[in-house]
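Written below as structure tokens is the structure these notes are about.
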Protein chains: 2
Amino acid sequence: MKSLFTNIMKGFEGYTIGKLFKYLKDPAIISFAGGLPSSDVFPGDLVRNAVEKSLEQDPDRVLQYTSIPGEEDLMEAVVDYLKKDNVHIEPENIVITTSGQQGIDLVGRLFLEPKDIIVTDLPTFGGALASFEMGGAQYLAEDIEEDGSDVRGFEEGIENLIPEGRKPKFIYVVPDFQNPSGITTSLEKRLALLSLSKRYRIPLVEDSPYRELRYRGQHIPSIYSLDKNQGNVIGIFTFSKILCPGVRVGFNIGPPEVIDKFSSIKGANTLCTPKLNQDICTAFLREYDLDAHFRRIRDYYREKLNFFLEAMEENFTTDMGVEWTKPDGGLFLWITVPEDINTSELFFMAIEEKVAFVPGEACYPKGHLRHNTMRINFSYPTKDEIIEGVRRLSTVIKKYQVKRSKSLTR
Amino acid sequence: MKSLFTNIMKGFEGYTIGKLFKYLKDPAIISFAGGLPSSDVFPGDLVRNAVEKSLEQDPDRVLQYTSIPGEEDLMEAVVDYLKKDNVHIEPENIVITTSGQQGIDLVGRLFLEPKDIIVTDLPTFGGALASFEMGGAQYLAEDIEEDGSDVRGFEEGIENLIPEGRKPKFIYVVPDFQNPSGITTSLEKRLALLSLSKRYRIPLVEDSPYRELRYRGQHIPSIYSLDKNQGNVIGIFTFSKILCPGVRVGFNIGPPEVIDKFSSIKGANTLCTPKLNQDICTAFLREYDLDAHFRRIRDYYREKLNFFLEAMEENFTTDMGVEWTKPDGGLFLWITVPEDINTSELFFMAIEEKVAFVPGEACYPKGHLRHNTMRINFSYPTKDEIIEGVRRLSTVIKKYQVKRSKSLTR
């Protein structure tokens, strides 16, 4: 049947990070590759109680089809939850999704015709790239800077594209502790992105999976909250990082005419999100001590991050030419190695050395690849694994360089 | 942002049946509109026990991200389950989906470029039409006959399309107790469909949500089981009708190269299916007395169907010119009213009379609409509701005809 696949699908390989995991089955491998939050901070009791209550109170509705846009009580709970973050919306601004990945996919399906252009950072979230690839996306992409997107670069690019009749369809950013770089966009740049979005009438898609996971420094307003007339920004949220990924629930927020279309698409691609899973999220927002929970998560991840950064300092001496970001939150940091190192090759040497990471390639759109970067997850491994894993990582980089200099002198 | 939507999305209204439900909020309305299985036959205890066990045995994995194609133990259970139906496959032939609707959507995304042609019956499942519309599908569609698809009509149509370089991308059928018509495709026609698929090398998509729900007559082999070399058929299954819709789990089966692409698409559109929900399905297949369960469901629905058919006989006298199918299983039957009745208009009169159905329009592709048909769900209403609802339905049809003849004589 292969010859009948669409042209895009013939070459489509999906979420490449997901495909790495087959190499990681050996339990001796210390993996910095996943995007996994740690199960140490999952509120197991909350989930158990919520499930029990949900099945007891309204079993018939729980087991039946439910409303496409989502359960009303979860939407109301989301409205209240976002108020604390200065986002003031109504249920008509919300569609419950079957995870943030579906939230991203809804955006692609609503806006993208083949060869349409998306404005984004280099690097950016690989899962978004995979989804947008299905829509045939092309990119106006600029290197992310220490304080976030290169907004001037975006503007120049847009100015060049408009005369060609190729105005981008939307801007996609992860302003808080970006996956994969860990970089946070400054307030100044958030305002600049919003102003860019308004000036050129290009919707801004703000993906916020890690927003609650700040370990140091000041909270910065979301771009959605800065958009006072609420017509330019689409927000993508998930319960994966604040509650647990297994629940597979998230939500998109935005103008009603956009949310309404998202619901129509959702109705035709998964119909509805399971009520049992939505009920867990409602209980989480309504009945759990969120402040205490977030404090616990933040303390836990902060310690791991600090631990990781210390291990990096110890193992990577300046002469190695290795650089890394020092995130204020989230789950990832980003390592740049000398340009002669191809991290996709390094990956397989690392597997032999029993340590794993995500080769940076997975985080660049086609045509914008860089070969000397890697994404590191610090939230999942234990402290001992971090110490040993970073040591192995430095060893393997040294080996690669020795091997390479040998092959060059031969 | 509306002006930036894709051309298809600008006019996209989603799953139109889903949008009817806002008219049905008045509890006095007797609804034959839903596609709802009855909660009377949901195995609540099984679900409760499975959830408890799953959260107890392996909470960390349940709450974490899991494998994109699906849980291995569920796949193994599906392999064994399908053996009883003479389908012999391996886990590599399976992708677990977040419901049958996702299963259908995966097919559309893999095969459809705008204006590609799908071969299907008139009428056909509205949810499939909604999903395929997102891919810009066009149709070679022929009136379904008493014993299933008009295979000769399909063949003639294909012969006409091939010289134009427009060979259809796939054939989509629901051979068992079709939604919406309730019609079952005969063995002869199943073999003819398979032979058509092989001869023209057009994949056949067999959607089987109701297959277990046979209330009378002989079990007929699935087209998948008839395809001995297993290269032509893609099977779509869901737990919605055999267990419960709220679980939102289904599976697609097919050749490994197709299943592998489905997984890639799934990874980029919802990532993974919640393990908790998959564990419920595994327990259902492994630990539940399926024979007794299916016997119970069949007895329950058979009684309702017979009841409904009797009520139709009583209320619709021959002179009214109303015809209806007498299904051997499934959840639906199909009513054809005289040609001067537009059931989309009738719907709103029926709402006033406190009875509801699905206007047939929702079950035809654009360009193939018929205005004098309706889909009836007999599985959800109680017996008393069936008696009263059918009475109201006949009343409203008579009223419509009187009103119309008055307006014509005026």
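Residues are named by chain letter and number: chains run A, B, ... in the order of the structure tokens, numbers start at 1 in each chain, and ligands are numbered from 1 in the order shown.
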
Test item: chain A residues at most 6 Å from chain B, counting only C-alpha atoms, as an MDAnalysis selection string: chainID A and resid 5:6 14:15 39 60 62:65 101:102 105 110:111 130:131 244:246 248 264 267:270 274

Spatial neighbours of segment 338-344 of chain A, 8 Å, only C-alpha atoms, chain gap at least 3 places, as an NGL selection string: :A and (320-322 or 347-348 or 359-361 or 371-374 or 400-401)

Shell around Met312 of chain A at 12 Å using only C-alpha atoms, local window under 5 positions removed, as a PyMOL selection string: chain A and resi 305-307+317-318+320+322-326+333-335+376+378+386-394

Helix (DSSP H, G or I) per DSSP on the backbone: members of segment 114-344 of chain B, as an NGL selection string: :B and (126-134 or 151-164 or 187-200 or 223-226 or 245-247 or 256-269 or 275-287 or 290-315 or 318-320 or 343-344)

His293 of chain A surroundings by only C-alpha atoms, 9 Å radius, close-in-sequence under 3 positions cut, as a PyMOL selection string: chain A and resi 41+43+242+288-290+296-298

Interatomic distance (Å, one decimal) between atom CA of Leu74 of chain A and atom CA of Thr282 of chain A: 5.0 Å

Gap from atom CA of Lys228 of chain A to atom CA of Thr120 of chain A - Å, one decimal: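 It comes out at 22.9 Å.
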
Atom pair atom CA of Glu142 of chain A / atom CA of Lys198 of chain A: separation (Å):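 Interatomic distance, atom CA of Glu142 of chain A to atom CA of Lys198 of chain A: 19.6 Å.
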
All strand (DSSP E or B) residues (DSSP, backbone) inside segment 96-325 of chain B, as an MDAnalysis selection string: chainID B and resid 96:97 117:122 138:143 145 148 170:173 204:207 214 233:238 250:253 323:324

Only N, CA, C and O atoms, please: the residues just picked out, written as a CSV table (one decimal), in the first residue's frame.
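Okay, part-v8.csv is ready:
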```csv
chain,number,residue,atom,x,y,z
B,96,ILE,N,-2.7,0.5,18.9
B,96,ILE,CA,-3.8,0.9,19.8
B,96,ILE,C,-4.1,2.3,19.5
B,96,ILE,O,-3.2,3.2,19.4
B,97,THR,N,-5.4,2.6,19.5
B,97,THR,CA,-5.8,4.0,19.2
B,97,THR,C,-6.6,4.6,20.4
B,97,THR,O,-7.1,3.8,21.2
B,117,ILE,N,-10.0,10.3,-4.0
B,117,ILE,CA,-11.3,9.7,-4.0
B,117,ILE,C,-11.4,8.5,-3.1
B,117,ILE,O,-10.5,7.6,-3.1
B,118,ILE,N,-12.5,8.5,-2.4
B,118,ILE,CA,-12.8,7.3,-1.5
B,118,ILE,C,-14.0,6.6,-2.1
B,118,ILE,O,-15.0,7.3,-2.5
B,119,VAL,N,-14.0,5.3,-2.1
B,119,VAL,CA,-15.1,4.5,-2.5
B,119,VAL,C,-16.0,4.2,-1.3
B,119,VAL,O,-15.4,3.7,-0.3
B,120,THR,N,-17.2,4.5,-1.3
B,120,THR,CA,-18.0,4.2,-0.1
B,120,THR,C,-19.5,4.0,-0.5
B,120,THR,O,-19.9,4.3,-1.6
B,121,ASP,N,-20.3,3.6,0.6
B,121,ASP,CA,-21.7,3.4,0.4
B,121,ASP,C,-22.5,4.7,0.7
B,121,ASP,O,-22.0,5.6,1.4
B,122,LEU,N,-23.7,4.8,0.1
B,122,LEU,CA,-24.6,5.8,0.5
B,122,LEU,C,-25.8,5.2,1.2
B,122,LEU,O,-26.4,4.3,0.5
B,138,GLN,N,-12.9,13.4,-1.9
B,138,GLN,CA,-14.1,13.3,-2.8
B,138,GLN,C,-14.5,11.8,-2.8
B,138,GLN,O,-13.8,11.0,-2.3
B,139,TYR,N,-15.7,11.6,-3.4
B,139,TYR,CA,-16.3,10.2,-3.3
B,139,TYR,C,-16.7,9.6,-4.5
B,139,TYR,O,-17.3,10.3,-5.4
B,140,LEU,N,-16.5,8.3,-4.7
B,140,LEU,CA,-17.2,7.5,-5.6
B,140,LEU,C,-18.2,6.7,-4.7
B,140,LEU,O,-17.8,5.9,-3.9
B,141,ALA,N,-19.5,7.1,-4.7
B,141,ALA,CA,-20.4,6.6,-3.7
B,141,ALA,C,-21.6,6.0,-4.4
B,141,ALA,O,-22.1,6.6,-5.4
B,142,GLU,N,-22.0,4.8,-4.0
B,142,GLU,CA,-23.2,4.2,-4.6
B,142,GLU,C,-24.2,3.8,-3.5
B,142,GLU,O,-23.8,3.4,-2.4
B,143,ASP,N,-25.5,3.8,-3.8
B,143,ASP,CA,-26.5,3.4,-2.9
B,143,ASP,C,-26.3,2.0,-2.4
B,143,ASP,O,-26.1,1.1,-3.1
B,145,GLU,N,-27.2,-1.6,-1.0
B,145,GLU,CA,-28.3,-2.4,-1.3
B,145,GLU,C,-28.7,-3.3,-0.1
B,145,GLU,O,-28.0,-3.2,0.9
B,148,GLY,N,-25.8,-5.2,1.1
B,148,GLY,CA,-24.5,-4.5,1.3
B,148,GLY,C,-24.1,-3.7,0.1
B,148,GLY,O,-25.0,-3.3,-0.8
B,170,PHE,N,-8.9,4.5,-1.3
B,170,PHE,CA,-9.3,3.3,-0.6
B,170,PHE,C,-10.8,3.2,-0.6
B,170,PHE,O,-11.5,4.1,-1.0
B,171,ILE,N,-11.2,2.0,-0.2
B,171,ILE,CA,-12.7,1.7,-0.1
B,171,ILE,C,-13.0,1.7,1.4
B,171,ILE,O,-12.3,1.0,2.2
B,172,TYR,N,-14.0,2.4,1.8
B,172,TYR,CA,-14.4,2.4,3.2
B,172,TYR,C,-15.8,1.8,3.4
B,172,TYR,O,-16.7,2.3,2.8
B,173,VAL,N,-15.8,0.7,4.2
B,173,VAL,CA,-17.1,0.1,4.4
B,173,VAL,C,-17.3,-0.3,5.9
B,173,VAL,O,-16.3,-0.5,6.6
B,204,LEU,N,-8.7,-1.8,1.2
B,204,LEU,CA,-10.1,-1.9,1.7
B,204,LEU,C,-10.1,-1.6,3.2
B,204,LEU,O,-9.4,-2.3,4.0
B,205,VAL,N,-10.8,-0.6,3.7
B,205,VAL,CA,-10.9,-0.2,5.1
B,205,VAL,C,-12.2,-0.7,5.6
B,205,VAL,O,-13.3,-0.3,5.2
B,206,GLU,N,-12.0,-1.7,6.6
B,206,GLU,CA,-13.2,-2.4,7.1
B,206,GLU,C,-13.4,-1.9,8.6
B,206,GLU,O,-12.6,-2.2,9.5
B,207,ASP,N,-14.4,-1.1,8.8
B,207,ASP,CA,-14.7,-0.5,10.1
B,207,ASP,C,-15.7,-1.4,10.8
B,207,ASP,O,-16.8,-1.7,10.3
B,214,ARG,N,-24.5,-9.1,17.1
B,214,ARG,CA,-25.4,-9.8,16.2
B,214,ARG,C,-26.6,-10.4,17.0
B,214,ARG,O,-26.3,-11.1,17.9
B,233,VAL,N,-6.3,-5.3,3.4
B,233,VAL,CA,-7.4,-4.8,4.3
B,233,VAL,C,-6.8,-4.1,5.5
B,233,VAL,O,-5.8,-4.6,6.1
B,234,ILE,N,-7.4,-3.0,5.9
B,234,ILE,CA,-7.1,-2.3,7.2
B,234,ILE,C,-8.3,-2.5,8.0
B,234,ILE,O,-9.4,-2.1,7.6
B,235,GLY,N,-8.2,-3.0,9.2
B,235,GLY,CA,-9.3,-3.1,10.1
B,235,GLY,C,-9.4,-2.1,11.2
B,235,GLY,O,-8.3,-1.7,11.8
B,236,ILE,N,-10.5,-1.5,11.4
B,236,ILE,CA,-10.7,-0.5,12.5
B,236,ILE,C,-11.7,-1.1,13.5
B,236,ILE,O,-12.8,-1.5,13.2
B,237,PHE,N,-11.2,-1.1,14.8
B,237,PHE,CA,-12.0,-1.6,15.9
B,237,PHE,C,-12.0,-0.6,17.0
B,237,PHE,O,-11.1,0.3,17.2
B,238,THR,N,-13.0,-0.7,17.9
B,238,THR,CA,-13.1,0.1,19.1
B,238,THR,C,-13.7,-0.7,20.2
B,238,THR,O,-14.5,-1.7,20.0
B,250,GLY,N,-9.4,2.0,21.2
B,250,GLY,CA,-9.7,1.1,20.0
B,250,GLY,C,-8.4,0.6,19.5
B,250,GLY,O,-7.3,0.7,20.1
B,251,PHE,N,-8.4,-0.1,18.3
B,251,PHE,CA,-7.2,-0.5,17.6
B,251,PHE,C,-7.4,-0.6,16.2
B,251,PHE,O,-8.5,-0.9,15.7
B,252,ASN,N,-6.4,-0.4,15.4
B,252,ASN,CA,-6.3,-0.6,14.0
B,252,ASN,C,-5.5,-1.8,13.7
B,252,ASN,O,-4.4,-2.0,14.4
B,253,ILE,N,-5.8,-2.6,12.7
B,253,ILE,CA,-5.0,-3.7,12.3
B,253,ILE,C,-4.7,-3.6,10.8
B,253,ILE,O,-5.5,-3.1,10.1
B,323,GLU,N,-40.6,3.6,4.8
B,323,GLU,CA,-39.9,2.3,4.8
B,323,GLU,C,-38.7,2.3,5.8
B,323,GLU,O,-38.2,3.3,6.1
B,324,TRP,N,-38.4,1.1,6.3
B,324,TRP,CA,-37.3,1.1,7.3
B,324,TRP,C,-36.6,-0.3,7.2
B,324,TRP,O,-37.2,-1.3,6.7
```

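Residue nearest Val95 of chain B, chosen from B:Asp279, B:Lys399, B:Glu72, B:Ile17 and counting only C-alpha atoms: B:Glu72.
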
Residues near segment 284-287 of chain B, anyone? I mean within 7 Å using only C-alpha atoms, not counting same-chain ones fewer than 3 positions away, as a tab-separated table (two decimals) with N, CA, C and O atoms, in the first residue's frame.
```tsv
chain	number	residue	atom	x	y	z
B	46	LEU	N	-16.19	-4.48	36.39
B	46	LEU	CA	-14.93	-4.79	35.69
B	46	LEU	C	-14.06	-3.55	35.62
B	46	LEU	O	-12.86	-3.59	35.92
B	77	ALA	N	-3.38	-9.39	24.04
B	77	ALA	CA	-4.78	-9.76	24.32
B	77	ALA	C	-5.64	-9.59	23.07
B	77	ALA	O	-6.54	-10.40	22.81
B	81	TYR	N	-7.84	-12.35	21.17
B	81	TYR	CA	-9.27	-12.05	20.98
B	81	TYR	C	-9.67	-12.24	19.51
B	81	TYR	O	-10.70	-12.83	19.20
B	280	ILE	N	-7.80	-1.19	31.44
B	280	ILE	CA	-9.20	-1.60	31.56
B	280	ILE	C	-9.55	-2.56	30.43
B	280	ILE	O	-10.18	-3.60	30.64
B	281	CYS	N	-9.10	-2.23	29.23
B	281	CYS	CA	-9.41	-3.07	28.06
B	281	CYS	C	-8.71	-4.42	28.13
B	281	CYS	O	-9.28	-5.45	27.75
```

Best match for closeness to Phe332 of chain B among B:Met349, B:Ile144, B:Leu213, B:Ile259, counting only C-alpha atoms: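 Of all the options, B:Leu213 lies closest to Phe332 of chain B.
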